[in-house]
file work_24.txt (compact mmCIF, C-alpha atoms)
# COMPACT_ATOMS: atom_id res chain seq x y z
CA MET A 1 -2.69 -10.13 -16.21
CA ALA A 2 0.36 -12.30 -16.77
CA ALA A 3 3.02 -13.17 -14.20
CA THR A 4 6.19 -11.20 -14.77
CA SER A 5 9.87 -11.95 -14.25
CA PRO A 6 11.65 -8.60 -13.83
CA ASP A 7 15.28 -7.90 -14.52
CA SER A 8 16.16 -8.49 -10.85
CA GLY A 9 15.97 -12.24 -11.47
CA ASP A 10 12.57 -13.16 -10.04
CA LEU A 11 13.28 -11.24 -6.84
CA ILE A 12 10.12 -9.20 -7.46
CA LEU A 13 7.22 -11.40 -8.55
CA VAL A 14 3.88 -10.23 -9.96
CA GLU A 15 1.06 -12.71 -10.45
CA PRO A 16 -2.73 -12.91 -10.18
CA ALA A 17 -4.16 -14.02 -6.84
CA LYS A 18 -5.79 -16.85 -8.82
CA PRO A 19 -6.50 -17.44 -12.52
CA GLY A 20 -8.76 -14.72 -13.87
CA SER A 21 -8.57 -12.66 -10.69
CA ARG A 22 -8.54 -8.86 -10.80
CA VAL A 23 -6.30 -8.92 -7.71
CA ALA A 24 -2.55 -8.83 -8.34
CA VAL A 25 -0.03 -10.12 -5.80
CA VAL A 26 3.41 -8.52 -5.75
CA THR A 27 5.96 -10.55 -3.76
CA ILE A 28 9.39 -9.45 -2.58
CA ASN A 29 11.17 -12.74 -3.13
CA ARG A 30 14.57 -12.75 -1.45
CA PRO A 31 13.82 -14.76 1.70
CA LYS A 32 17.40 -15.84 2.46
CA ALA A 33 18.29 -12.14 2.88
CA LEU A 34 15.03 -11.38 4.72
CA ASN A 35 13.87 -9.57 1.55
CA ALA A 36 16.51 -6.85 1.85
CA LEU A 37 16.30 -4.55 -1.17
CA THR A 38 19.08 -4.09 -3.69
CA ARG A 39 19.05 -1.25 -6.21
CA PRO A 40 17.80 -3.53 -9.06
CA MET A 41 15.01 -4.81 -6.79
CA MET A 42 13.93 -1.25 -6.00
CA VAL A 43 13.80 -0.41 -9.71
CA SER A 44 11.82 -3.59 -10.44
CA LEU A 45 9.39 -2.97 -7.58
CA ALA A 46 8.78 0.58 -8.78
CA ALA A 47 8.28 -0.67 -12.35
CA ALA A 48 5.82 -3.33 -11.15
CA PHE A 49 3.56 -0.72 -9.57
CA ARG A 50 3.73 1.45 -12.70
CA ARG A 51 2.59 -1.51 -14.80
CA LEU A 52 -0.18 -2.48 -12.41
CA ASP A 53 -1.45 1.09 -12.30
CA ALA A 54 -1.79 1.02 -16.10
CA ASP A 55 -3.32 -2.49 -16.24
CA ASP A 56 -7.10 -2.23 -16.68
CA GLY A 57 -7.44 -5.84 -15.61
CA VAL A 58 -6.19 -5.07 -12.10
CA ALA A 59 -8.54 -3.63 -9.48
CA ALA A 60 -6.40 -3.99 -6.34
CA VAL A 61 -2.91 -5.09 -5.36
CA VAL A 62 -1.48 -7.15 -2.49
CA LEU A 63 2.15 -6.52 -1.52
CA ALA A 64 3.82 -9.34 0.40
CA GLY A 65 7.24 -10.68 1.32
CA ARG A 66 8.29 -14.33 1.08
CA GLY A 67 9.66 -16.08 4.14
CA ARG A 68 10.26 -14.77 7.67
CA ALA A 69 10.19 -11.06 6.81
CA PHE A 70 8.03 -8.66 4.84
CA CYS A 71 11.11 -6.57 4.06
CA SER A 72 14.17 -6.02 6.25
CA GLY A 73 15.07 -2.75 4.53
CA VAL A 74 17.83 -1.82 2.14
CA ASP A 75 20.73 -4.20 1.57
CA LEU A 76 23.45 -2.23 3.38
CA THR A 77 26.22 -4.06 1.54
CA ALA A 78 25.31 -1.83 -1.42
CA ALA A 79 24.33 1.25 0.62
CA GLU A 80 26.20 3.86 -1.43
CA GLU A 81 24.69 2.64 -4.70
CA VAL A 82 21.20 2.75 -3.19
CA PHE A 83 21.23 5.94 -1.16
CA LYS A 84 23.00 8.24 -3.60
CA GLY A 85 20.57 7.41 -6.37
CA ASP A 86 17.15 6.84 -4.86
CA VAL A 87 16.32 10.21 -3.32
CA LYS A 88 15.78 12.18 -6.53
CA ASP A 89 14.86 9.42 -8.99
CA PRO A 90 11.08 8.86 -8.86
CA ALA A 91 11.17 6.24 -11.61
CA ALA A 92 13.31 3.99 -9.38
CA ASP A 93 11.54 4.88 -6.13
CA PRO A 94 9.01 2.18 -5.17
CA VAL A 95 7.34 4.38 -2.56
CA VAL A 96 6.72 7.17 -5.08
CA GLN A 97 5.28 4.67 -7.55
CA MET A 98 3.09 3.10 -4.85
CA GLU A 99 1.79 6.54 -3.91
CA ARG A 100 1.07 7.27 -7.57
CA CYS A 101 -0.69 3.94 -8.10
CA ARG A 102 -4.42 4.58 -8.40
CA LYS A 103 -5.33 1.03 -7.39
CA PRO A 104 -5.69 0.25 -3.67
CA ILE A 105 -2.66 -1.51 -2.20
CA VAL A 106 -3.05 -3.93 0.73
CA GLY A 107 0.16 -4.77 2.58
CA ALA A 108 0.48 -8.35 3.86
CA ILE A 109 2.94 -7.95 6.74
CA ALA A 110 4.30 -11.24 8.03
CA GLY A 111 7.46 -10.99 10.12
CA PHE A 112 9.68 -7.92 10.10
CA ALA A 113 9.08 -4.61 8.31
CA VAL A 114 12.31 -2.76 9.03
CA THR A 115 13.26 0.81 8.06
CA ALA A 116 12.80 0.92 4.25
CA GLY A 117 10.46 -2.06 4.68
CA PHE A 118 8.52 -0.04 7.25
CA GLU A 119 8.33 2.85 4.78
CA ILE A 120 7.03 0.54 2.05
CA ALA A 121 4.38 -0.71 4.47
CA LEU A 122 3.36 2.89 5.18
CA ALA A 123 2.91 3.42 1.42
CA CYS A 124 0.14 0.79 1.43
CA ASP A 125 -3.49 1.88 1.80
CA ILE A 126 -4.51 -0.97 4.11
CA LEU A 127 -2.36 -3.26 6.27
CA VAL A 128 -2.95 -6.86 7.34
CA ALA A 129 -0.41 -8.08 9.92
CA GLY A 130 0.51 -11.48 11.25
CA ARG A 131 0.71 -11.94 14.99
CA SER A 132 4.52 -12.07 14.82
CA ALA A 133 4.80 -8.88 12.75
CA LYS A 134 7.12 -6.14 13.96
CA PHE A 135 7.60 -2.66 12.53
CA ILE A 136 11.04 -1.21 13.30
CA ASP A 137 12.67 2.09 12.35
CA THR A 138 16.48 1.77 12.53
CA HIS A 139 17.41 4.98 10.68
CA ALA A 140 18.83 6.51 13.88
CA LYS A 141 20.79 3.36 14.78
CA PHE A 142 22.66 3.11 11.47
CA GLY A 143 22.99 6.79 10.57
CA ILE A 144 20.59 6.62 7.62
CA PHE A 145 18.49 9.70 6.86
CA PRO A 146 14.88 8.78 5.97
CA SER A 147 13.83 9.61 2.41
CA TRP A 148 10.74 7.47 1.80
CA GLY A 149 8.43 9.30 4.19
CA LEU A 150 8.79 7.57 7.55
CA SER A 151 9.73 10.75 9.45
CA GLN A 152 6.51 12.42 8.27
CA LYS A 153 3.95 9.67 7.79
CA LEU A 154 4.32 7.72 11.03
CA SER A 155 3.52 10.68 13.29
CA ARG A 156 0.36 11.33 11.27
CA VAL A 157 -0.80 7.76 11.84
CA ILE A 158 0.16 7.00 15.46
CA GLY A 159 0.74 10.52 16.82
CA PRO A 160 3.93 12.57 17.17
CA ASN A 161 4.96 11.44 20.67
CA ARG A 162 4.72 7.75 19.85
CA ALA A 163 6.45 8.30 16.51
CA ARG A 164 9.35 10.13 18.15
CA GLU A 165 9.85 7.29 20.62
CA VAL A 166 9.63 4.62 17.90
CA SER A 167 12.12 6.38 15.62
CA LEU A 168 14.57 7.81 18.15
CA THR A 169 14.84 4.66 20.31
CA CYS A 170 14.38 2.13 17.46
CA MET A 171 11.64 0.52 19.55
CA PRO A 172 9.76 -2.26 17.74
CA ILE A 173 6.02 -1.87 17.20
CA THR A 174 4.38 -5.27 17.71
CA ALA A 175 1.29 -6.31 15.79
CA GLU A 176 -0.88 -5.72 18.87
CA MET A 177 0.55 -2.23 19.37
CA ALA A 178 0.13 -1.47 15.67
CA GLU A 179 -3.55 -2.43 15.77
CA LYS A 180 -4.15 -0.45 18.97
CA TRP A 181 -2.45 2.63 17.50
CA GLY A 182 -4.33 2.46 14.19
CA LEU A 183 -1.35 1.42 12.06
CA VAL A 184 -2.81 -1.91 10.90
CA ASN A 185 -6.36 -2.85 9.97
CA HIS A 186 -6.34 -6.58 10.77
CA ILE A 187 -4.26 -9.03 12.82
CA VAL A 188 -4.44 -12.70 11.82
CA ASP A 189 -2.33 -15.81 12.31
CA ASP A 190 0.89 -15.63 10.32
CA THR A 191 -0.26 -18.37 7.96
CA GLN A 192 -3.42 -16.39 7.13
CA VAL A 193 -1.83 -13.01 6.29
CA LEU A 194 -1.73 -13.43 2.53
CA SER A 195 -5.20 -14.96 2.26
CA LYS A 196 -6.70 -12.19 4.42
CA ALA A 197 -5.00 -9.50 2.31
CA ILE A 198 -6.37 -11.14 -0.86
CA GLU A 199 -9.81 -11.30 0.75
CA VAL A 200 -9.72 -7.55 1.41
CA CYS A 201 -8.63 -6.89 -2.18
CA GLU A 202 -11.37 -9.12 -3.57
CA ALA A 203 -13.95 -7.16 -1.57
CA ILE A 204 -12.58 -3.97 -3.15
CA ALA A 205 -12.58 -5.55 -6.63
CA ARG A 206 -16.31 -6.32 -6.38
CA ASN A 207 -17.13 -2.61 -6.22
CA ASN A 208 -17.38 0.05 -8.93
CA ARG A 209 -13.87 0.20 -10.37
CA ASN A 210 -13.93 3.87 -11.35
CA LEU A 211 -15.38 5.05 -8.05
CA VAL A 212 -12.85 3.02 -6.04
CA VAL A 213 -10.01 4.79 -7.88
CA LEU A 214 -11.59 8.22 -7.41
CA TYR A 215 -12.45 7.53 -3.76
CA LYS A 216 -8.89 6.47 -2.91
CA SER A 217 -7.63 9.63 -4.61
CA VAL A 218 -9.93 12.02 -2.75
CA ILE A 219 -9.13 10.41 0.61
CA ASN A 220 -5.37 10.55 0.07
CA ASP A 221 -5.39 14.03 -1.46
CA GLY A 222 -7.65 15.32 1.29
CA LEU A 223 -5.23 14.10 3.94
CA GLN A 224 -2.76 16.71 2.68
CA LEU A 225 -5.24 19.50 3.50
CA ASP A 226 -7.02 20.88 6.55
CA LEU A 227 -10.61 19.67 7.00
CA GLU A 228 -12.25 22.76 5.48
CA HIS A 229 -10.22 22.57 2.28
CA ALA A 230 -10.52 18.78 2.16
CA ARG A 231 -14.31 19.01 2.26
CA ALA A 232 -14.21 21.64 -0.47
CA LEU A 233 -12.07 19.25 -2.52
CA GLU A 234 -14.65 16.50 -2.06
CA LYS A 235 -17.47 18.85 -3.16
CA GLU A 236 -15.53 19.93 -6.23
CA ARG A 237 -14.74 16.39 -7.33
CA ALA A 238 -18.29 15.20 -6.66
CA HIS A 239 -19.60 18.07 -8.79
CA ASP A 240 -17.23 17.14 -11.62
CA TYR A 241 -18.10 13.45 -11.30
CA TYR A 242 -21.87 13.85 -11.51
CA ASN A 243 -21.75 16.55 -14.16
CA GLY A 244 -19.69 14.23 -16.33
CA MET A 245 -22.14 11.33 -16.11
CA THR A 246 -24.52 10.55 -18.96
CA LYS A 247 -28.09 9.28 -18.61
CA GLU A 248 -26.83 5.86 -19.58
CA GLN A 249 -24.28 5.93 -16.76
CA PHE A 250 -26.95 6.90 -14.22
CA ALA A 251 -29.09 4.01 -15.50
CA SER A 252 -26.11 1.68 -15.19
CA MET A 253 -25.56 2.87 -11.61
CA GLN A 254 -29.16 2.07 -10.72
CA LYS A 255 -28.88 -1.36 -12.34
CA PHE A 256 -25.69 -2.09 -10.42
CA VAL A 257 -27.33 -1.11 -7.12
CA GLN A 258 -30.34 -3.33 -7.85
CA GLU A 259 -28.13 -6.31 -8.74
CA ARG A 260 -25.95 -5.90 -5.66
CA SER A 261 -28.96 -5.62 -3.34
CA SER A 262 -30.00 -9.12 -4.38
CA LYS A 263 -26.63 -10.64 -3.43
CA PRO A 264 -25.46 -11.69 0.08
CA PRO A 265 -23.24 -9.15 1.86
CA SER A 266 -19.45 -9.37 1.84
CA LYS A 267 -17.78 -11.30 4.67
CA LEU A 268 -15.94 -8.08 5.49

call {"tool": "encode", "arguments": {"input": "work_24.txt", "output": "structure tokens"}}
result
Amino acid sequence: MAATSPDSGDLILVEPAKPGSRVAVVTINRPKALNALTRPMMVSLAAAFRRLDADDGVAAVVLAGRGRAFCSGVDLTAAEEVFKGDVKDPAADPVVQMERCRKPIVGAIAGFAVTAGFEIALACDILVAGRSAKFIDTHAKFGIFPSWGLSQKLSRVIGPNRAREVSLTCMPITAEMAEKWGLVNHIVDDTQVLSKAIEVCEAIARNNRNLVVLYKSVINDGLQLDLEHARALEKERAHDYYNGMTKEQFASMQKFVQERSSKPPSKL
């Protein structure tokens, strides 16, 4: 996996967590503007996740922001260009491409995740937050209609009453509140956010690559269904999975289990 320099002028960076790593780190790199997104940055971010999804050398992805913010939202100086084009263009929609990415995505949230930045955080599978992190929905304040899922996803994570208050009052969610409400998985010191996110990804990367992809898919697809139909979906996919395995693959599974049982457990 090689580092990339997208058309947005190194404002979206993609690089391995370390040489030879199967963990990719995507960085929103516009710190002087608190990582506010322009239209070219959105296109580049979407393209980065398409490439990483197709890259067999990548097992998991960290998404981070450089500087004092994870992402402060859309650059409102170019609002018309952004909002009139993004709603119906999945190729330029980073949230759509993140949701389509089969690899697990761990968000490293240091500082502010505001509005579109909040929606990008919600598109991650796992969130690591710094102690200063704040999640803020300012759609109602600025007259911006949500189109990247915040109005629907947040209530499903923290509950409808809390979500209504957060979105209608523009009340910040602190890191402590986010952990208590089940929005984030880990809180660490701000200086440790990226390393903790990489640690989570490396734990994922040590597991069976194919099963990780299938497991993420069945969890996320099942969340769109009621429990009865979600369990039926799990049964159906398990049936297809085992029926498609050869004797050699079963033998490889047994070998993998035996090798892993001889190794020390993950720090996680």

call {"tool": "atom_distance", "arguments": {"input": "work_24.txt", "atom1": "atom CA of Ile126 of chain A", "atom2": "atom CA of Leu233 of chain A"}}
result
22.6 Å

call {"tool": "axis_aligned_box", "arguments": {"input": "work_24.txt", "around": "segment 187-193 of chain A", "padding_each_side": "5 Å", "output": "AutoDock Vina command-line options"}}
result
--center_x -1.8 --center_y -13.7 --center_z 9.6 --size_x 15.3 --size_y 19.3 --size_z 16.5

call {"tool": "closest_residue", "arguments": {"input": "work_24.txt", "among": "A:Ala64, A:Val157, A:Val218, A:Leu150", "to": "Lys196 of chain A", "atoms": "only C-alpha atoms"}}
result
A:Ala64

call {"tool": "residues_around", "arguments": {"input": "work_24.txt", "residues": "Phe135 of chain A", "least_positions_apart": "6", "cutoff": "6 Å", "atoms": "all atoms listed in the file", "output": "list in words"}}
result
Ala113, Val114, Phe118, Pro172 and Ile173 of chain A

call {"tool": "atom_distance", "arguments": {"input": "work_24.txt", "atom1": "atom CA of Val61 of chain A", "atom2": "atom CA of Leu76 of chain A"}}
result
27.9 Å

call {"tool": "closest_residue", "arguments": {"input": "work_24.txt", "among": "A:Val14, A:Arg260, A:Ala24, A:Ile219", "to": "Arg231 of chain A", "atoms": "all atoms listed in the file"}}
result
A:Ile219

call {"tool": "residues_around", "arguments": {"input": "work_24.txt", "residues": "Glu176 of chain A", "least_positions_apart": "5", "cutoff": "10 Å", "atoms": "all atoms listed in the file", "output": "number ranges by chain"}}
result
A: 129-134, 181, 183-184, 186-187

call {"tool": "atom_distance", "arguments": {"input": "work_24.txt", "atom1": "atom CA of Leu227 of chain A", "atom2": "atom CA of His239 of chain A"}}
result
18.2 Å

call {"tool": "decode", "arguments": {"input": "work_24.txt", "residues": "segment 190-231 of chain A", "atoms": "N, CA and C atoms", "output": "JSON list (two decimals), in the first residue's frame"}}
result
[["chain", "number", "residue", "atom", "x", "y", "z"],
["A", 190, "ASP", "N", -5.64, 12.97, 24.49],
["A", 190, "ASP", "CA", -5.64, 13.46, 23.11],
["A", 190, "ASP", "C", -4.42, 12.99, 22.33],
["A", 191, "THR", "N", -3.28, 12.92, 22.98],
["A", 191, "THR", "CA", -2.04, 12.54, 22.29],
["A", 191, "THR", "C", -2.02, 11.05, 21.95],
["A", 192, "GLN", "N", -2.94, 10.27, 22.52],
["A", 192, "GLN", "CA", -2.94, 8.82, 22.31],
["A", 192, "GLN", "C", -4.05, 8.36, 21.37],
["A", 193, "VAL", "N", -4.83, 9.29, 20.82],
["A", 193, "VAL", "CA", -5.99, 8.90, 20.01],
["A", 193, "VAL", "C", -5.58, 8.09, 18.79],
["A", 194, "LEU", "N", -4.63, 8.61, 18.04],
["A", 194, "LEU", "CA", -4.22, 7.91, 16.81],
["A", 194, "LEU", "C", -3.60, 6.56, 17.12],
["A", 195, "SER", "N", -2.73, 6.50, 18.11],
["A", 195, "SER", "CA", -2.08, 5.22, 18.42],
["A", 195, "SER", "C", -3.09, 4.19, 18.92],
["A", 196, "LYS", "N", -4.10, 4.62, 19.69],
["A", 196, "LYS", "CA", -5.12, 3.69, 20.16],
["A", 196, "LYS", "C", -5.96, 3.19, 18.98],
["A", 197, "ALA", "N", -6.31, 4.09, 18.06],
["A", 197, "ALA", "CA", -7.09, 3.68, 16.88],
["A", 197, "ALA", "C", -6.30, 2.67, 16.04],
["A", 198, "ILE", "N", -5.00, 2.91, 15.88],
["A", 198, "ILE", "CA", -4.16, 1.96, 15.14],
["A", 198, "ILE", "C", -4.09, 0.63, 15.88],
["A", 199, "GLU", "N", -4.00, 0.69, 17.20],
["A", 199, "GLU", "CA", -3.97, -0.55, 17.99],
["A", 199, "GLU", "C", -5.23, -1.38, 17.78],
["A", 200, "VAL", "N", -6.38, -0.72, 17.75],
["A", 200, "VAL", "CA", -7.64, -1.44, 17.51],
["A", 200, "VAL", "C", -7.62, -2.06, 16.11],
["A", 201, "CYS", "N", -7.15, -1.30, 15.12],
["A", 201, "CYS", "CA", -7.09, -1.82, 13.75],
["A", 201, "CYS", "C", -6.12, -2.99, 13.64],
["A", 202, "GLU", "N", -5.00, -2.91, 14.34],
["A", 202, "GLU", "CA", -4.03, -4.01, 14.28],
["A", 202, "GLU", "C", -4.61, -5.28, 14.90],
["A", 203, "ALA", "N", -5.42, -5.12, 15.95],
["A", 203, "ALA", "CA", -6.08, -6.29, 16.54],
["A", 203, "ALA", "C", -7.04, -6.93, 15.53],
["A", 204, "ILE", "N", -7.75, -6.09, 14.77],
["A", 204, "ILE", "CA", -8.64, -6.59, 13.73],
["A", 204, "ILE", "C", -7.84, -7.30, 12.64],
["A", 205, "ALA", "N", -6.71, -6.69, 12.24],
["A", 205, "ALA", "CA", -5.90, -7.20, 11.14],
["A", 205, "ALA", "C", -5.29, -8.56, 11.45],
["A", 206, "ARG", "N", -5.17, -8.90, 12.73],
["A", 206, "ARG", "CA", -4.60, -10.21, 13.09],
["A", 206, "ARG", "C", -5.58, -11.35, 12.89],
["A", 207, "ASN", "N", -6.85, -11.03, 12.67],
["A", 207, "ASN", "CA", -7.87, -12.07, 12.55],
["A", 207, "ASN", "C", -8.06, -12.49, 11.10],
["A", 208, "ASN", "N", -8.94, -13.49, 10.90],
["A", 208, "ASN", "CA", -9.22, -14.00, 9.57],
["A", 208, "ASN", "C", -9.80, -12.89, 8.70],
["A", 209, "ARG", "N", -9.10, -12.54, 7.64],
["A", 209, "ARG", "CA", -9.47, -11.38, 6.83],
["A", 209, "ARG", "C", -10.86, -11.53, 6.22],
["A", 210, "ASN", "N", -11.14, -12.69, 5.66],
["A", 210, "ASN", "CA", -12.43, -12.91, 5.00],
["A", 210, "ASN", "C", -13.57, -12.86, 6.00],
["A", 211, "LEU", "N", -13.39, -13.49, 7.15],
["A", 211, "LEU", "CA", -14.46, -13.52, 8.14],
["A", 211, "LEU", "C", -14.72, -12.14, 8.73],
["A", 212, "VAL", "N", -13.67, -11.33, 8.91],
["A", 212, "VAL", "CA", -13.85, -9.97, 9.40],
["A", 212, "VAL", "C", -14.75, -9.19, 8.45],
["A", 213, "VAL", "N", -14.49, -9.30, 7.14],
["A", 213, "VAL", "CA", -15.30, -8.59, 6.15],
["A", 213, "VAL", "C", -16.75, -9.06, 6.20],
["A", 214, "LEU", "N", -16.94, -10.39, 6.25],
["A", 214, "LEU", "CA", -18.29, -10.93, 6.27],
["A", 214, "LEU", "C", -19.01, -10.59, 7.57],
["A", 215, "TYR", "N", -18.26, -10.58, 8.68],
["A", 215, "TYR", "CA", -18.87, -10.31, 9.99],
["A", 215, "TYR", "C", -19.34, -8.85, 10.06],
["A", 216, "LYS", "N", -18.48, -7.93, 9.59],
["A", 216, "LYS", "CA", -18.90, -6.53, 9.56],
["A", 216, "LYS", "C", -20.18, -6.38, 8.73],
["A", 217, "SER", "N", -20.22, -7.05, 7.59],
["A", 217, "SER", "CA", -21.37, -6.95, 6.69],
["A", 217, "SER", "C", -22.65, -7.46, 7.35],
["A", 218, "VAL", "N", -22.58, -8.61, 8.02],
["A", 218, "VAL", "CA", -23.80, -9.17, 8.59],
["A", 218, "VAL", "C", -24.28, -8.33, 9.78],
["A", 219, "ILE", "N", -23.36, -7.76, 10.54],
["A", 219, "ILE", "CA", -23.76, -6.86, 11.63],
["A", 219, "ILE", "C", -24.47, -5.64, 11.07],
["A", 220, "ASN", "N", -23.82, -4.97, 10.11],
["A", 220, "ASN", "CA", -24.38, -3.73, 9.58],
["A", 220, "ASN", "C", -25.67, -3.96, 8.82],
["A", 221, "ASP", "N", -25.73, -5.03, 8.03],
["A", 221, "ASP", "CA", -26.97, -5.34, 7.30],
["A", 221, "ASP", "C", -28.08, -5.74, 8.25],
["A", 222, "GLY", "N", -27.73, -6.47, 9.30],
["A", 222, "GLY", "CA", -28.74, -6.88, 10.27],
["A", 222, "GLY", "C", -29.34, -5.73, 11.04],
["A", 223, "LEU", "N", -28.57, -4.65, 11.21],
["A", 223, "LEU", "CA", -29.09, -3.48, 11.91],
["A", 223, "LEU", "C", -30.22, -2.80, 11.16],
["A", 224, "GLN", "N", -30.35, -3.09, 9.87],
["A", 224, "GLN", "CA", -31.44, -2.51, 9.09],
["A", 224, "GLN", "C", -32.73, -3.31, 9.23],
["A", 225, "LEU", "N", -32.69, -4.43, 9.95],
["A", 225, "LEU", "CA", -33.82, -5.34, 10.06],
["A", 225, "LEU", "C", -34.28, -5.47, 11.50],
["A", 226, "ASP", "N", -35.48, -6.01, 11.71],
["A", 226, "ASP", "CA", -35.88, -6.39, 13.06],
["A", 226, "ASP", "C", -35.11, -7.65, 13.45],
["A", 227, "LEU", "N", -35.12, -7.99, 14.75],
["A", 227, "LEU", "CA", -34.28, -9.07, 15.26],
["A", 227, "LEU", "C", -34.58, -10.40, 14.58],
["A", 228, "GLU", "N", -35.85, -10.71, 14.37],
["A", 228, "GLU", "CA", -36.21, -12.00, 13.76],
["A", 228, "GLU", "C", -35.59, -12.13, 12.36],
["A", 229, "HIS", "N", -35.75, -11.09, 11.55],
["A", 229, "HIS", "CA", -35.21, -11.16, 10.19],
["A", 229, "HIS", "C", -33.68, -11.05, 10.19],
["A", 230, "ALA", "N", -33.13, -10.35, 11.16],
["A", 230, "ALA", "CA", -31.67, -10.25, 11.25],
["A", 230, "ALA", "C", -31.07, -11.61, 11.60],
["A", 231, "ARG", "N", -31.71, -12.35, 12.49],
["A", 231, "ARG", "CA", -31.21, -13.68, 12.83],
["A", 231, "ARG", "C", -31.35, -14.63, 11.65]]
